[in-house]
>>> print(open('query.pdb').read())   # PDB, C-alpha atoms
ATOM      1  CA  MET A   1     -44.006 -14.216  -5.737
ATOM      2  CA  LYS A   2     -43.477 -17.961  -5.455
ATOM      3  CA  ASN A   3     -40.255 -17.990  -7.469
ATOM      4  CA  ILE A   4     -38.604 -15.563  -5.010
ATOM      5  CA  THR A   5     -37.364 -18.046  -2.447
ATOM      6  CA  VAL A   6     -35.332 -17.507   0.717
ATOM      7  CA  ASN A   7     -32.359 -19.172  -0.986
ATOM      8  CA  LEU A   8     -32.608 -16.802  -3.960
ATOM      9  CA  ILE A   9     -32.675 -13.808  -1.619
ATOM     10  CA  LYS A  10     -29.637 -15.174   0.241
ATOM     11  CA  LYS A  11     -27.825 -15.750  -3.049
ATOM     12  CA  LEU A  12     -28.388 -12.146  -4.099
ATOM     13  CA  ARG A  13     -27.293 -10.946  -0.671
ATOM     14  CA  ASN A  14     -24.067 -12.981  -0.905
ATOM     15  CA  ILE A  15     -23.324 -11.486  -4.306
ATOM     16  CA  THR A  16     -24.169  -7.870  -3.476
ATOM     17  CA  GLY A  17     -23.722  -7.601   0.295
ATOM     18  CA  ILE A  18     -26.830  -5.420   0.665
ATOM     19  CA  SER A  19     -29.677  -5.951   3.149
ATOM     20  CA  ILE A  20     -32.181  -8.806   2.886
ATOM     21  CA  LEU A  21     -35.102  -6.379   2.448
ATOM     22  CA  ASP A  22     -33.294  -4.570  -0.391
ATOM     23  CA  CYS A  23     -32.537  -7.929  -2.025
ATOM     24  CA  LYS A  24     -36.164  -9.005  -1.784
ATOM     25  CA  TYR A  25     -37.348  -5.692  -3.251
ATOM     26  CA  ALA A  26     -34.856  -5.967  -6.121
ATOM     27  CA  LEU A  27     -36.000  -9.498  -6.920
ATOM     28  CA  VAL A  28     -39.677  -8.509  -6.817
ATOM     29  CA  LYS A  29     -38.935  -5.660  -9.207
ATOM     30  CA  SER A  30     -37.056  -8.013 -11.559
ATOM     31  CA  LYS A  31     -39.733 -10.725 -11.199
ATOM     32  CA  GLY A  32     -37.233 -13.197  -9.770
ATOM     33  CA  ASP A  33     -34.550 -12.652 -12.430
ATOM     34  CA  ILE A  34     -31.390 -12.469 -10.294
ATOM     35  CA  ASN A  35     -29.189 -11.220 -13.142
ATOM     36  CA  LEU A  36     -31.618  -8.400 -13.899
ATOM     37  CA  ALA A  37     -31.794  -7.614 -10.177
ATOM     38  CA  ILE A  38     -27.992  -7.375 -10.061
ATOM     39  CA  ASP A  39     -27.969  -5.106 -13.114
ATOM     40  CA  ASN A  40     -30.572  -2.837 -11.534
ATOM     41  CA  LEU A  41     -28.616  -2.687  -8.278
ATOM     42  CA  ARG A  42     -25.427  -1.924 -10.166
ATOM     43  CA  LYS A  43     -27.149   0.940 -11.905
ATOM     44  CA  SER A  44     -28.259   2.243  -8.549
ATOM     45  CA  GLY A  45     -24.748   1.735  -7.199
ATOM     46  CA  ILE A  46     -23.173   3.650 -10.054
ATOM     47  CA  VAL A  47     -25.407   6.615  -9.269
ATOM     48  CA  LYS A  48     -24.289   6.458  -5.647
ATOM     49  CA  ALA A  49     -20.678   6.161  -6.743
ATOM     50  CA  GLN A  50     -20.976   9.403  -8.644
ATOM     51  CA  ASN A  51     -22.588  11.091  -5.670
ATOM     52  CA  ARG A  52     -19.921   9.824  -3.244
ATOM     53  CA  SER A  53     -16.967  10.753  -5.457
ATOM     54  CA  ILE A  54     -16.759  14.215  -3.877
ATOM     55  CA  TYR A  55     -15.896  12.666  -0.501
ATOM     56  CA  ASN A  56     -12.274  12.141   0.501
ATOM     57  CA  THR A  57     -10.987   8.627   1.066
ATOM     58  CA  ASN A  58      -8.570   9.167   3.946
ATOM     59  CA  GLU A  59      -8.754   5.658   5.389
ATOM     60  CA  GLY A  60      -8.242   2.200   3.945
ATOM     61  CA  ALA A  61      -5.774  -0.677   3.942
ATOM     62  CA  ILE A  62      -2.669  -1.955   2.193
ATOM     63  CA  PHE A  63      -2.880  -5.399   0.564
ATOM     64  CA  VAL A  64      -0.001  -7.611  -0.514
ATOM     65  CA  CYS A  65       0.524 -10.814  -2.476
ATOM     66  CA  VAL A  66       3.752 -12.628  -3.402
ATOM     67  CA  LYS A  67       3.670 -15.445  -5.925
ATOM     68  CA  ASP A  68       6.182 -16.996  -8.350
ATOM     69  CA  ASN A  69       8.850 -14.316  -7.809
ATOM     70  CA  ILE A  70       6.312 -11.503  -8.239
ATOM     71  CA  GLY A  71       5.121  -9.251  -5.441
ATOM     72  CA  VAL A  72       2.379  -6.638  -5.522
ATOM     73  CA  LEU A  73       1.252  -3.918  -3.119
ATOM     74  CA  VAL A  74      -2.162  -2.256  -3.426
ATOM     75  CA  GLU A  75      -3.584   0.710  -1.540
ATOM     76  CA  LEU A  76      -7.377   0.540  -1.313
ATOM     77  CA  ASN A  77      -9.034   3.607   0.205
ATOM     78  CA  CYS A  78     -12.356   4.366   1.878
ATOM     79  CA  GLU A  79     -13.732   7.138   4.095
ATOM     80  CA  THR A  80     -13.719   5.528   7.555
ATOM     81  CA  ASP A  81     -11.632   3.034   9.488
ATOM     82  CA  PHE A  82     -14.848   1.133  10.267
ATOM     83  CA  VAL A  83     -15.219   0.203   6.584
ATOM     84  CA  ALA A  84     -11.475  -0.506   6.249
ATOM     85  CA  LYS A  85     -11.874  -3.281   8.829
ATOM     86  CA  ASN A  86     -14.994  -4.767   7.231
ATOM     87  CA  ILE A  87     -14.608  -8.335   5.974
ATOM     88  CA  ASP A  88     -16.068  -7.491   2.535
ATOM     89  CA  PHE A  89     -13.645  -4.584   2.091
ATOM     90  CA  ILE A  90     -10.715  -6.813   3.102
ATOM     91  CA  SER A  91     -11.900  -9.611   0.816
ATOM     92  CA  PHE A  92     -12.108  -7.162  -2.082
ATOM     93  CA  GLY A  93      -8.563  -5.921  -1.457
ATOM     94  CA  ASN A  94      -7.204  -9.469  -1.452
ATOM     95  CA  LYS A  95      -9.091 -10.197  -4.669
ATOM     96  CA  ILE A  96      -7.429  -7.182  -6.331
ATOM     97  CA  VAL A  97      -3.850  -8.177  -5.467
ATOM     98  CA  ASN A  98      -4.424 -11.745  -6.646
ATOM     99  CA  TYR A  99      -5.978 -10.493  -9.864
ATOM    100  CA  ILE A 100      -2.991  -8.245 -10.589
ATOM    101  CA  ILE A 101      -0.503 -11.077 -10.149
ATOM    102  CA  ASN A 102      -2.526 -13.545 -12.207
ATOM    103  CA  ASN A 103      -3.183 -11.116 -15.051
ATOM    104  CA  ASN A 104       0.009  -9.006 -15.070
ATOM    105  CA  PHE A 105      -1.914  -5.739 -15.008
ATOM    106  CA  ILE A 106       0.321  -2.724 -15.499
ATOM    107  CA  LYS A 107      -2.173   0.158 -15.749
ATOM    108  CA  LEU A 108      -4.209   1.508 -12.862
ATOM    109  CA  THR A 109      -6.948   2.738 -15.220
ATOM    110  CA  ASN A 110      -7.460  -0.802 -16.554
ATOM    111  CA  LEU A 111      -7.603  -2.174 -13.035
ATOM    112  CA  LYS A 112     -10.232   0.350 -11.963
ATOM    113  CA  GLU A 113     -12.306  -0.397 -15.044
ATOM    114  CA  THR A 114     -12.175  -4.139 -14.365
ATOM    115  CA  PHE A 115     -13.485  -3.701 -10.809
ATOM    116  CA  LYS A 116     -15.814  -0.776 -11.531
ATOM    117  CA  ASN A 117     -19.029  -2.711 -10.912
ATOM    118  CA  LYS A 118     -17.746  -4.353  -7.737
ATOM    119  CA  ILE A 119     -16.646  -0.965  -6.402
ATOM    120  CA  SER A 120     -20.097   0.424  -7.144
ATOM    121  CA  LEU A 121     -21.718  -2.406  -5.206
ATOM    122  CA  LEU A 122     -19.445  -1.778  -2.227
ATOM    123  CA  ILE A 123     -20.235   1.937  -2.374
ATOM    124  CA  SER A 124     -23.944   1.057  -2.333
ATOM    125  CA  LYS A 125     -23.442  -1.206   0.645
ATOM    126  CA  PHE A 126     -21.258   1.061   2.771
ATOM    127  CA  GLY A 127     -22.472   4.477   1.637
ATOM    128  CA  GLU A 128     -18.827   5.488   1.320
ATOM    129  CA  ASN A 129     -16.507   6.229  -1.560
ATOM    130  CA  ILE A 130     -14.154   3.338  -2.392
ATOM    131  CA  ASN A 131     -11.027   3.960  -4.445
ATOM    132  CA  ILE A 132      -8.136   1.844  -5.732
ATOM    133  CA  LYS A 133      -5.466   4.495  -5.194
ATOM    134  CA  ARG A 134      -2.294   2.803  -6.458
ATOM    135  CA  PHE A 135      -0.366  -0.417  -6.886
ATOM    136  CA  LYS A 136       3.212  -1.451  -7.624
ATOM    137  CA  LEU A 137       4.933  -4.671  -8.639
ATOM    138  CA  LEU A 138       8.310  -6.180  -7.870
ATOM    139  CA  LYS A 139       9.833  -9.054  -9.835
ATOM    140  CA  GLY A 140      13.003 -10.936  -8.949
ATOM    141  CA  ASP A 141      14.834 -13.758  -7.225
ATOM    142  CA  TYR A 142      13.556 -13.387  -3.662
ATOM    143  CA  ILE A 143      10.737 -11.149  -2.411
ATOM    144  CA  ASP A 144       9.606 -10.702   1.172
ATOM    145  CA  TYR A 145       6.869  -8.510   2.608
ATOM    146  CA  TYR A 146       5.473  -7.064   5.807
ATOM    147  CA  LEU A 147       2.164  -5.485   6.817
ATOM    148  CA  HIS A 148       2.057  -3.217   9.862
ATOM    149  CA  ASN A 149      -0.420  -1.305  12.032
ATOM    150  CA  ASN A 150      -3.675  -2.951  10.934
ATOM    151  CA  ASN A 151      -2.503  -2.987   7.305
ATOM    152  CA  LYS A 152      -1.914   0.785   7.281
ATOM    153  CA  ILE A 153       1.697   0.265   6.125
ATOM    154  CA  GLY A 154       2.938  -2.332   3.650
ATOM    155  CA  VAL A 155       6.438  -3.207   2.443
ATOM    156  CA  LEU A 156       7.795  -5.297  -0.420
ATOM    157  CA  LEU A 157      11.527  -6.073  -0.477
ATOM    158  CA  LEU A 158      13.517  -7.512  -3.392
ATOM    159  CA  VAL A 159      16.757  -9.347  -2.544
ATOM    160  CA  ASP A 160      19.448 -10.962  -4.682
ATOM    161  CA  LYS A 161      19.735 -14.743  -4.610
ATOM    162  CA  PHE A 162      21.238 -16.136  -1.389
ATOM    163  CA  ASN A 163      21.660 -19.488   0.306
ATOM    164  CA  SER A 164      18.492 -20.313   2.243
ATOM    165  CA  ASP A 165      19.908 -19.918   5.723
ATOM    166  CA  PRO A 166      17.048 -19.557   8.249
ATOM    167  CA  ASN A 167      18.956 -16.757   9.985
ATOM    168  CA  LYS A 168      19.226 -14.854   6.718
ATOM    169  CA  ILE A 169      15.524 -15.330   6.012
ATOM    170  CA  LYS A 170      14.683 -14.003   9.487
ATOM    171  CA  PHE A 171      17.037 -11.056   8.967
ATOM    172  CA  ILE A 172      15.370 -10.154   5.664
ATOM    173  CA  LYS A 173      11.975 -10.217   7.367
ATOM    174  CA  ASN A 174      13.386  -7.908  10.042
ATOM    175  CA  ILE A 175      14.569  -5.538   7.304
ATOM    176  CA  THR A 176      11.012  -5.303   5.951
ATOM    177  CA  MET A 177       9.858  -4.440   9.479
ATOM    178  CA  HIS A 178      12.619  -1.844   9.748
ATOM    179  CA  ILE A 179      11.526  -0.229   6.474
ATOM    180  CA  ALA A 180       7.935  -0.071   7.710
ATOM    181  CA  ALA A 181       9.004   1.612  10.961
ATOM    182  CA  SER A 182      11.809   3.905   9.736
ATOM    183  CA  ASN A 183      10.435   4.993   6.350
ATOM    184  CA  PRO A 184      13.649   5.326   4.306
ATOM    185  CA  ILE A 185      13.464   6.837   0.823
ATOM    186  CA  SER A 186      16.169   4.698  -0.787
ATOM    187  CA  ILE A 187      18.621   1.901  -0.083
ATOM    188  CA  TYR A 188      21.652   4.025  -0.950
ATOM    189  CA  SER A 189      22.194   7.772  -0.559
ATOM    190  CA  ASN A 190      22.967   8.250  -4.261
ATOM    191  CA  ASP A 191      19.390   7.286  -5.071
ATOM    192  CA  ILE A 192      17.767  10.086  -3.078
ATOM    193  CA  PRO A 193      16.208  12.572  -5.544
ATOM    194  CA  ASN A 194      18.210  15.803  -5.882
ATOM    195  CA  LYS A 195      15.101  17.935  -5.432
ATOM    196  CA  ILE A 196      14.660  16.580  -1.897
ATOM    197  CA  ILE A 197      18.263  17.348  -0.971
ATOM    198  CA  ASP A 198      18.214  20.773  -2.652
ATOM    199  CA  LYS A 199      15.091  21.750  -0.750
ATOM    200  CA  GLU A 200      16.671  20.736   2.555
ATOM    201  CA  ILE A 201      19.859  22.659   1.706
ATOM    202  CA  GLU A 202      17.792  25.809   1.223
ATOM    203  CA  ILE A 203      16.083  25.290   4.573
ATOM    204  CA  GLN A 204      19.351  24.658   6.417
ATOM    205  CA  LYS A 205      21.035  27.660   4.802
ATOM    206  CA  SER A 206      18.265  29.945   6.001
ATOM    207  CA  LEU A 207      18.644  28.533   9.514
ATOM    208  CA  ALA A 208      22.453  28.702   9.491
ATOM    209  CA  ILE A 209      22.443  32.373   8.451
ATOM    210  CA  LYS A 210      20.647  33.139  11.719
ATOM    211  CA  ILE A 211      23.551  31.572  13.623
ATOM    212  CA  SER A 212      26.498  33.111  11.737
ATOM    213  CA  ASP A 213      27.317  35.449   8.864
ATOM    214  CA  ASN A 214      30.635  33.706   8.187
ATOM    215  CA  PRO A 215      30.357  31.781   4.854
ATOM    216  CA  LYS A 216      32.742  29.033   6.032
ATOM    217  CA  ILE A 217      30.832  28.440   9.258
ATOM    218  CA  ILE A 218      27.533  28.493   7.380
ATOM    219  CA  LYS A 219      28.870  25.877   4.960
ATOM    220  CA  GLN A 220      30.103  23.680   7.827
ATOM    221  CA  ILE A 221      26.730  23.868   9.557
ATOM    222  CA  VAL A 222      24.797  23.110   6.372
ATOM    223  CA  ASP A 223      27.121  20.264   5.317
ATOM    224  CA  GLY A 224      26.829  18.600   8.724
ATOM    225  CA  ARG A 225      23.072  18.846   8.842
ATOM    226  CA  ILE A 226      22.637  17.654   5.259
ATOM    227  CA  LYS A 227      24.799  14.595   5.994
ATOM    228  CA  LYS A 228      22.545  13.727   8.935
ATOM    229  CA  PHE A 229      19.473  14.387   6.803
ATOM    230  CA  ILE A 230      20.670  12.088   4.014
ATOM    231  CA  ASN A 231      21.604   9.340   6.484
ATOM    232  CA  SER A 232      18.137   9.549   8.058
ATOM    233  CA  LEU A 233      16.534   8.843   4.657
ATOM    234  CA  THR A 234      18.979   6.144   3.527
ATOM    235  CA  LEU A 235      18.184   2.574   4.546
ATOM    236  CA  CYS A 236      21.822   1.456   4.734
ATOM    237  CA  LYS A 237      22.783   4.392   6.960
ATOM    238  CA  GLN A 238      19.875   4.111   9.389
ATOM    239  CA  LYS A 239      20.404   2.530  12.790
ATOM    240  CA  PHE A 240      18.931  -0.974  12.677
ATOM    241  CA  ILE A 241      15.808  -0.997  14.862
ATOM    242  CA  PHE A 242      16.665  -4.456  16.233
ATOM    243  CA  ASP A 243      20.181  -3.386  17.252
ATOM    244  CA  THR A 244      20.706   0.368  17.244
ATOM    245  CA  SER A 245      24.436   0.031  18.012
ATOM    246  CA  LYS A 246      25.042  -0.504  14.279
ATOM    247  CA  ASN A 247      23.525   0.667  11.026
ATOM    248  CA  VAL A 248      21.707  -1.521   8.513
ATOM    249  CA  GLU A 249      24.697  -1.574   6.162
ATOM    250  CA  TRP A 250      26.819  -3.360   8.769
ATOM    251  CA  PHE A 251      24.273  -6.149   9.092
ATOM    252  CA  LEU A 252      23.879  -6.475   5.316
ATOM    253  CA  LYS A 253      27.619  -7.045   4.973
ATOM    254  CA  ASN A 254      27.645  -9.434   7.928
ATOM    255  CA  TYR A 255      24.832 -11.565   6.456
ATOM    256  CA  GLU A 256      26.147 -11.144   2.894
ATOM    257  CA  ILE A 257      22.762  -9.898   1.719
ATOM    258  CA  ASN A 258      22.327  -7.608  -1.278
ATOM    259  CA  LEU A 259      19.137  -5.544  -1.319
ATOM    260  CA  LYS A 260      17.942  -4.520  -4.780
ATOM    261  CA  LYS A 261      14.750  -2.553  -4.262
ATOM    262  CA  PHE A 262      11.914  -1.931  -1.833
ATOM    263  CA  ILE A 263       8.423  -0.461  -2.032
ATOM    264  CA  ARG A 264       6.699   1.063   0.971
ATOM    265  CA  PHE A 265       3.040   2.091   0.979
ATOM    266  CA  GLU A 266       1.381   3.956   3.813
ATOM    267  CA  ILE A 267      -2.258   4.995   3.849
ATOM    268  CA  ASN A 268      -2.533   8.539   2.485
ATOM    269  CA  ASN A 269       1.211   8.893   2.118
ATOM    270  CA  LYS A 270       3.118   9.066  -1.202
ATOM    271  CA  SER A 271       6.134   7.189   0.204
TER
END
>>> encode(input="query.pdb", output="structure tokens")
Amino acid sequence: MKNITVNLIKKLRNITGISILDCKYALVKSKGDINLAIDNLRKSGIVKAQNRSIYNTNEGAIFVCVKDNIGVLVELNCETDFVAKNIDFISFGNKIVNYIINNNFIKLTNLKETFKNKISLLISKFGENINIKRFKLLKGDYIDYYLHNNNKIGVLLLVDKFNSDPNKIKFIKNITMHIAASNPISIYSNDIPNKIIDKEIEIQKSLAIKISDNPKIIKQIVDGRIKKFINSLTLCKQKFIFDTSKNVEWFLKNYEINLKKFIRFEINNKS
């Protein structure tokens, strides 16, 4: 058909990301109507999305955006690392984080509905399930971030106001890197959920009983191990990865920095 030009085919390809032959076929079927062609492809994509939904999405990437004292982390999943590194997948992830910040989205269901058609198109292109797994926001005076290991780990860190000393800014960045590497649960030990500690106490009691049947000795063993366990999960008590002679708390006091909250996402990890 004369109205199906090379430029029209390229335009449809840029929008959908599918092959040139598939674009040409879609345009022939729609008699050159690009919007109808897109609708038809979306319908086809939705069918594929339903078929692919049974497949696990164990790969993906973490995306981050910080703007106007708001930070957002998003975990976008797929089935293979090959797709996770694809430029269209990465572009889509960046579009999501920017959309969240600009529209103040607070519900994951709304976010998925907004990008439903785009996800379907990506599923059609890659032949893999694509899933927006989760996102979280931080709002406050100063927010820094860090992405690690090919965007497999992402960190947002909220800090109280401080004087803009370059050394302090560098230190805060190093803290985000520390969080990515050391995977603390909380800034302070009091914030660790009781269920985590209680579970570990049970485990250590069962191990201590094998060593001694003396209640006092058992308690000493359990108390010592639980203290180490709590310190290993507490950011302030962890040895600072850039100087392991001291813990993070020492450096926070030295730099007069007050951490308020952090968020750490890792692909296929609830932390």
>>> atom_distance(input="query.pdb", atom1="CA of Leu122 in chain A", atom2="CA of Phe89 in chain A")
7.8 Å
>>> resolve_selection(input="query.pdb", expression="the PyMOL selection byres ((chain A and resi 254-270) around 6)", output="ChimeraX atom specification")
/A:152-160,251-253,271
>>> resolve_selection(input="query.pdb", expression="the PyMOL selection byres ((chain A and resi 70) around 12)", output="list in words")
Val64, Cys65, Val66, Lys67, Asp68, Asn69, Gly71, Val72, Leu73, Val97, Asn98, Ile100, Ile101, Asn102, Asn103, Asn104, Lys136, Leu137, Leu138, Lys139, Gly140, Asp141, Tyr142, Ile143, Asp144, Tyr145, Leu156, Leu157 and Leu158 of chain A
>>> resolve_selection(input="query.pdb", expression="the PyMOL selection byres ((chain A and resi 173-186) around 6)", output="MDAnalysis selection string")
chainID A and resid 146 170:172 187:188 191 233:235
>>> atom_distance(input="query.pdb", atom1="CA of Arg225 in chain A", atom2="CA of Ile203 in chain A")
10.4 Å
>>> closest_atom_pairs(input="query.pdb", of="range 51-147 of chain A", to="range 17-38 of chain A", cutoff="9 Å", atoms="only C-alpha atoms", output="Markdown table")
| residue | atom | partner | partner_atom | distance |
| --- | --- | --- | --- | --- |
| A:Asp88 | CA | A:Gly17 | CA | 8.0 |
| A:Leu121 | CA | A:Gly17 | CA | 7.8 |
| A:Leu122 | CA | A:Gly17 | CA | 7.7 |
| A:Ser124 | CA | A:Ile18 | CA | 7.7 |
| A:Lys125 | CA | A:Ile18 | CA | 5.4 |
| A:Phe126 | CA | A:Ile18 | CA | 8.8 |
>>> atom_distance(input="query.pdb", atom1="CA of Ile106 in chain A", atom2="CA of Glu59 in chain A")
24.3 Å
>>> closest_residue(input="query.pdb", among="A:Leu111, A:Ala61, A:Ile226, A:Ile4", to="Ile90 in chain A", atoms="only C-alpha atoms")
A:Ala61
>>> closest_residue(input="query.pdb", among="A:Asp39, A:Glu128, A:Asp223, A:Glu113", to="Val83 in chain A", atoms="all atoms listed in the file")
A:Glu128
>>> residues_around(input="query.pdb", residues="Asn231 in chain A", least_positions_apart="5", cutoff="8 Å", atoms="only C-alpha atoms", output="MDAnalysis selection string")
chainID A and resid 189 237:238
>>> closest_residue(input="query.pdb", among="A:Lys85, A:Lys216, A:Lys228, A:Lys112", to="Lys133 in chain A", atoms="all atoms listed in the file")
A:Lys112
>>> closest_residue(input="query.pdb", among="A:Lys161, A:Leu41, A:Glu75, A:Asn86", to="Lys118 in chain A", atoms="all atoms listed in the file")
A:Leu41
